[in-house]
Amino acid sequence: MLEVITGGMFAGKTDELIRRLERHSIAKRRVALVKPDLDTRTTKVRTHNGKEFDSITVGRNDTPTIETIIKEHEVIGFDEGEFFGEDIYQLLKAYEQTGTDKIFIVAGLDMDSEGEPFGFMPQLMAIASSITKLHAVCENCFIPANISYSLVEKKAQVLVGGKDKYKALCWKCAAAENKKKAQNS
Ligand SMILES: [Zn+2]
């Protein structure tokens with residue numbers, strides 16, 4: 001079964017992923033957490049609140065390694081799901097379509113900082129049994145945020161960072177910031 005936890009940065013996606021994995025750990029199920037090697041910040045998955053969970057770093061399309069991990073575990077979490085490539089999507093889809101007993105929980109960004117769908121998250125959401133969409137609070141007006149607004153000039157869709165590089169904004173406030181930026185340049 002595939003569960004997807006999605007939304008913007010600072011919405012608590014990784015907290016929710018770890019909460020779900022811990023429930024299965026307590027029930028003594030074999031649990032693994034993988035994250036893509038694009039995110040090289042740490043060997044553990046750490047939430048913005050400082051919560052930690054041991055993780056295995058894998059290549060974004062490394063299906064042989066991920067298949068081995070899937071075979072050895074019952075519950076497999078994927079953090080930063082937006083960074084995984086098509087091969088991993090195809091692998092999870094193939095498992096799902098056999099009616100597998102494995103539980104896959106993918107947490108990842110729904111959109112990049114420009115508001116475009118990120119990586120294979122839309123496809124994963126399409127085949128998921130359940131989707132949880134979380135929102136941060138807009139740092140300017142305090143309604144639910146829609147996007148992870150980039151505070152620095154970005155050259156590619158992938159720019160790994162935290163509060164130093166991004167802030168959570170609603171669409172209205174993001175548009176206002178873009179207008180301000182355009183006026184200043
Ligand atoms: Zn706002």
# chains A, B, ... in the order shown; residues from 1 in each chain; ligands from 1
call {"tool": "residues_around", "arguments": {"residues": "Leu92 (chain A)", "least_positions_apart": "3", "cutoff": "10 Å", "atoms": "only C-alpha atoms", "output": "list in words"}}
result
Met1, Leu2, Thr63, Ile66, Glu67, Ile70, Glu86, Asp87, Ile88, Tyr89, Tyr95, Glu96, Gln97, Thr100, Phe104, Leu124, Ile127 and Ala128 of chain A
call {"tool": "closest_atom_pairs", "arguments": {"of": "region 100-121 of chain A", "to": "region 71-79 of chain A", "cutoff": "7 Å", "atoms": "only C-alpha atoms", "output": "Markdown table"}}
result
| residue | atom | partner | partner_atom | distance |
| --- | --- | --- | --- | --- |
| A:Lys102 | CA | A:Glu74 | CA | 5.2 |
| A:Ile103 | CA | A:Val75 | CA | 4.7 |
| A:Phe104 | CA | A:Ile76 | CA | 5.0 |
| A:Ile105 | CA | A:Gly77 | CA | 4.7 |
| A:Val106 | CA | A:Phe78 | CA | 4.6 |
| A:Ala107 | CA | A:Asp79 | CA | 5.1 |
| A:Gly108 | CA | A:Asp79 | CA | 6.3 |
call {"tool": "residues_around", "arguments": {"residues": "Ser55 (chain A)", "least_positions_apart": "3", "cutoff": "8 Å", "atoms": "only C-alpha atoms", "output": "list in words"}}
result
Ala32, Leu33, Val34, Lys35, Thr43, Lys44 and Val45 of chain A
call {"tool": "write_last_selection", "arguments": {"atoms": "N, CA and C atoms", "output": "compact mmCIF listing (two decimals), in the first residue's frame"}}
result
# COMPACT_ATOMS: atom_id res chain seq x y z
N ALA A 32 12.23 0.63 7.43
CA ALA A 32 13.41 1.32 6.89
C ALA A 32 12.99 2.70 6.37
N LEU A 33 13.94 3.61 6.42
CA LEU A 33 13.70 4.94 5.87
C LEU A 33 14.81 5.24 4.88
N VAL A 34 14.45 5.56 3.66
CA VAL A 34 15.47 5.91 2.65
C VAL A 34 15.31 7.36 2.25
N LYS A 35 16.45 7.93 1.86
CA LYS A 35 16.41 9.29 1.31
C LYS A 35 17.38 9.38 0.15
N THR A 43 23.28 11.90 7.56
CA THR A 43 22.95 10.49 7.33
C THR A 43 21.65 10.10 8.02
N LYS A 44 21.16 11.00 8.86
CA LYS A 44 19.87 10.75 9.50
C LYS A 44 18.86 11.68 8.86
N VAL A 45 17.61 11.32 8.95
CA VAL A 45 16.56 12.25 8.55
C VAL A 45 16.20 13.06 9.78
call {"tool": "residues_near_ligand", "arguments": {"ligand": "ligand 1", "cutoff": "6 Å", "atoms": "only C-alpha atoms and all ligand atoms", "output": "list in words"}}
result
Cys138, Asn140, Cys141, Phe142, Ile143, Leu169, Cys170, Lys172 and Cys173 of chain A
call {"tool": "write_last_selection", "arguments": {"atoms": "N, CA and C atoms", "output": "tab-separated table (two decimals), in the first residue's frame"}}
result
chain	number	residue	atom	x	y	z
A	138	CYS	N	1.64	30.71	6.34
A	138	CYS	CA	2.27	31.80	5.58
A	138	CYS	C	2.97	32.72	6.57
A	140	ASN	N	3.97	35.66	6.15
A	140	ASN	CA	3.61	37.07	6.02
A	140	ASN	C	2.21	37.39	6.51
A	141	CYS	N	1.24	36.51	6.25
A	141	CYS	CA	-0.15	36.85	6.62
A	141	CYS	C	-0.84	35.76	7.45
A	142	PHE	N	-0.14	34.64	7.69
A	142	PHE	CA	-0.59	33.61	8.64
A	142	PHE	C	-1.77	32.75	8.22
A	143	ILE	N	-2.14	32.77	6.94
A	143	ILE	CA	-3.13	31.79	6.47
A	143	ILE	C	-2.34	30.55	5.99
A	169	LEU	N	4.97	30.68	2.04
A	169	LEU	CA	4.07	31.79	1.73
A	169	LEU	C	2.79	31.28	1.07
A	170	CYS	N	1.71	32.04	1.23
A	170	CYS	CA	0.49	31.75	0.47
A	170	CYS	C	0.68	32.34	-0.93
A	172	LYS	N	-0.93	34.65	-2.52
A	172	LYS	CA	-1.06	36.11	-2.56
A	172	LYS	C	0.25	36.79	-2.13
A	173	CYS	N	0.81	36.30	-1.02
A	173	CYS	CA	2.04	36.91	-0.50
A	173	CYS	C	3.23	36.60	-1.41
call {"tool": "select_by_dssp", "arguments": {"residues": "chain A", "states": "strand (DSSP E)", "output": "PyMOL selection string"}}
result
chain A and resi 2-7+31-36+44-46+52-54+56-58+75-78+103-109+130-134+147-150+166-169
call {"tool": "residues_around", "arguments": {"residues": "Met121 (chain A)", "least_positions_apart": "4", "cutoff": "8 Å", "atoms": "only C-alpha atoms", "output": "PyMOL selection string"}}
result
chain A and resi 81-82+108-110+117+125
call {"tool": "write_last_selection", "arguments": {"atoms": "C-alpha atoms", "output": "PDB file, in the first residue's frame"}}
result
ATOM      1  CA  GLY A  81      10.222  11.929  -2.444  1.00  0.00           C
ATOM      2  CA  GLU A  82      10.355  14.724  -5.031  1.00  0.00           C
ATOM      3  CA  GLY A 108       7.776  14.916  -0.532  1.00  0.00           C
ATOM      4  CA  LEU A 109       7.180  18.403  -1.851  1.00  0.00           C
ATOM      5  CA  ASP A 110       4.143  18.805  -4.096  1.00  0.00           C
ATOM      6  CA  PRO A 117       4.717  20.094  -9.723  1.00  0.00           C
ATOM      7  CA  MET A 125      -0.091  10.773  -5.722  1.00  0.00           C
TER       8      MET A 125
END
call {"tool": "residues_around", "arguments": {"residues": "Thr132 (chain A)", "least_positions_apart": "2", "cutoff": "10 Å", "atoms": "only C-alpha atoms", "output": "PDB file with N, CA and C atoms, in the first residue's frame"}}
result
ATOM      1  N   GLU A   3       1.235   5.214   0.664  1.00  0.00           N
ATOM      2  CA  GLU A   3       0.696   6.421   1.293  1.00  0.00           C
ATOM      3  C   GLU A   3       1.594   7.585   0.904  1.00  0.00           C
ATOM      4  N   VAL A   4       1.010   8.712   0.555  1.00  0.00           N
ATOM      5  CA  VAL A   4       1.800   9.895   0.208  1.00  0.00           C
ATOM      6  C   VAL A   4       1.481  11.018   1.197  1.00  0.00           C
ATOM      7  N   ILE A   5       2.557  11.627   1.694  1.00  0.00           N
ATOM      8  CA  ILE A   5       2.420  12.803   2.566  1.00  0.00           C
ATOM      9  C   ILE A   5       3.059  13.951   1.790  1.00  0.00           C
ATOM     10  N   THR A   6       2.287  14.966   1.458  1.00  0.00           N
ATOM     11  CA  THR A   6       2.849  16.023   0.616  1.00  0.00           C
ATOM     12  C   THR A   6       2.455  17.410   1.117  1.00  0.00           C
ATOM     13  N   GLY A   7       2.967  18.419   0.432  1.00  0.00           N
ATOM     14  CA  GLY A   7       2.743  19.806   0.832  1.00  0.00           C
ATOM     15  C   GLY A   7       4.054  20.569   0.712  1.00  0.00           C
ATOM     16  N   LYS A  13       5.903  17.504   7.039  1.00  0.00           N
ATOM     17  CA  LYS A  13       5.810  16.247   6.293  1.00  0.00           C
ATOM     18  C   LYS A  13       6.710  15.161   6.903  1.00  0.00           C
ATOM     19  N   GLU A  16       5.441  13.866  10.177  1.00  0.00           N
ATOM     20  CA  GLU A  16       4.330  12.932   9.955  1.00  0.00           C
ATOM     21  C   GLU A  16       4.851  11.578   9.476  1.00  0.00           C
ATOM     22  N   ALA A 107       7.106  10.808   1.597  1.00  0.00           N
ATOM     23  CA  ALA A 107       6.895  12.215   1.956  1.00  0.00           C
ATOM     24  C   ALA A 107       7.681  13.072   0.984  1.00  0.00           C
ATOM     25  N   MET A 125       1.212  10.434  -6.303  1.00  0.00           N
ATOM     26  CA  MET A 125      -0.091  10.773  -5.722  1.00  0.00           C
ATOM     27  C   MET A 125      -1.207  10.065  -6.483  1.00  0.00           C
ATOM     28  N   SER A 130      -3.605   6.530  -0.214  1.00  0.00           N
ATOM     29  CA  SER A 130      -4.019   7.676   0.599  1.00  0.00           C
ATOM     30  C   SER A 130      -3.040   8.823   0.410  1.00  0.00           C
ATOM     31  N   LEU A 134      -0.343  18.572   3.642  1.00  0.00           N
ATOM     32  CA  LEU A 134      -0.108  19.427   4.807  1.00  0.00           C
ATOM     33  C   LEU A 134       0.283  20.836   4.350  1.00  0.00           C
TER      34      LEU A 134
END
call {"tool": "decode", "arguments": {"residues": "region 27-63 of chain A", "atoms": "N, CA and C atoms", "output": "compact mmCIF listing (two decimals), in the first residue's frame"}}
result
# COMPACT_ATOMS: atom_id res chain seq x y z
N ALA A 27 5.20 -1.72 16.83
CA ALA A 27 4.54 -3.00 16.58
C ALA A 27 5.53 -4.07 16.10
N LYS A 28 6.83 -3.74 16.19
CA LYS A 28 7.93 -4.66 15.83
C LYS A 28 7.90 -5.08 14.36
N ARG A 29 7.46 -4.19 13.51
CA ARG A 29 7.57 -4.47 12.08
C ARG A 29 8.94 -3.99 11.62
N ARG A 30 9.43 -4.58 10.55
CA ARG A 30 10.75 -4.19 10.03
C ARG A 30 10.59 -2.91 9.20
N VAL A 31 11.15 -1.84 9.73
CA VAL A 31 10.95 -0.50 9.15
C VAL A 31 12.26 0.06 8.62
N ALA A 32 12.23 0.63 7.43
CA ALA A 32 13.41 1.32 6.89
C ALA A 32 12.99 2.70 6.37
N LEU A 33 13.94 3.61 6.42
CA LEU A 33 13.70 4.94 5.87
C LEU A 33 14.81 5.24 4.88
N VAL A 34 14.45 5.56 3.66
CA VAL A 34 15.47 5.91 2.65
C VAL A 34 15.31 7.36 2.25
N LYS A 35 16.45 7.93 1.86
CA LYS A 35 16.41 9.29 1.31
C LYS A 35 17.38 9.38 0.15
N PRO A 36 17.10 10.24 -0.80
CA PRO A 36 17.94 10.33 -2.01
C PRO A 36 19.27 11.01 -1.71
N ASP A 37 20.31 10.63 -2.46
CA ASP A 37 21.64 11.17 -2.18
C ASP A 37 21.81 12.64 -2.60
N LEU A 38 20.77 13.21 -3.18
CA LEU A 38 20.84 14.65 -3.49
C LEU A 38 20.84 15.48 -2.22
N ASP A 39 20.20 14.92 -1.21
CA ASP A 39 20.13 15.60 0.08
C ASP A 39 21.25 15.04 0.94
N THR A 40 22.38 15.75 0.98
CA THR A 40 23.57 15.22 1.66
C THR A 40 23.77 15.89 3.02
N ARG A 41 22.72 16.51 3.53
CA ARG A 41 22.89 17.27 4.77
C ARG A 41 23.30 16.40 5.95
N THR A 42 22.77 15.17 6.02
CA THR A 42 23.05 14.30 7.16
C THR A 42 22.73 12.85 6.80
N THR A 43 23.28 11.90 7.56
CA THR A 43 22.95 10.49 7.33
C THR A 43 21.65 10.10 8.02
N LYS A 44 21.16 11.00 8.86
CA LYS A 44 19.87 10.75 9.50
C LYS A 44 18.86 11.68 8.86
N VAL A 45 17.61 11.32 8.95
CA VAL A 45 16.56 12.25 8.55
C VAL A 45 16.20 13.06 9.78
N ARG A 46 16.28 14.35 9.65
CA ARG A 46 16.03 15.23 10.79
C ARG A 46 14.90 16.19 10.43
N THR A 47 13.96 16.35 11.30
CA THR A 47 12.86 17.27 11.03
C THR A 47 13.28 18.68 11.46
N HIS A 48 12.48 19.66 11.06
CA HIS A 48 12.78 21.05 11.45
C HIS A 48 12.66 21.23 12.97
N ASN A 49 11.97 20.28 13.62
CA ASN A 49 11.85 20.33 15.08
C ASN A 49 13.00 19.62 15.78
N GLY A 50 13.91 19.02 15.01
CA GLY A 50 15.07 18.36 15.60
C GLY A 50 14.87 16.88 15.87
N LYS A 51 13.73 16.32 15.45
CA LYS A 51 13.49 14.89 15.60
C LYS A 51 14.36 14.13 14.60
N GLU A 52 14.90 12.97 15.00
CA GLU A 52 15.79 12.23 14.12
C GLU A 52 15.34 10.79 13.92
N PHE A 53 15.69 10.25 12.75
CA PHE A 53 15.38 8.85 12.45
C PHE A 53 16.49 8.36 11.55
N ASP A 54 17.05 7.17 11.83
CA ASP A 54 18.13 6.64 11.00
C ASP A 54 17.64 6.40 9.58
N SER A 55 18.48 6.75 8.62
CA SER A 55 18.06 6.56 7.23
C SER A 55 19.18 5.97 6.40
N ILE A 56 18.79 5.42 5.25
CA ILE A 56 19.74 4.87 4.29
C ILE A 56 19.73 5.80 3.08
N THR A 57 20.91 6.28 2.71
CA THR A 57 20.99 7.17 1.56
C THR A 57 21.15 6.34 0.29
N VAL A 58 20.33 6.62 -0.71
CA VAL A 58 20.37 5.85 -1.96
C VAL A 58 20.36 6.80 -3.15
N GLY A 59 20.82 6.28 -4.30
CA GLY A 59 20.77 7.05 -5.54
C GLY A 59 19.33 7.27 -5.94
N ARG A 60 19.05 8.35 -6.66
CA ARG A 60 17.66 8.72 -6.97
C ARG A 60 16.97 7.72 -7.90
N ASN A 61 17.77 6.92 -8.63
CA ASN A 61 17.19 5.89 -9.50
C ASN A 61 17.80 4.51 -9.21
N ASP A 62 18.31 4.33 -8.00
CA ASP A 62 19.03 3.09 -7.65
C ASP A 62 18.03 1.99 -7.28
N THR A 63 17.39 1.42 -8.30
CA THR A 63 16.38 0.39 -8.03
C THR A 63 16.95 -0.88 -7.40
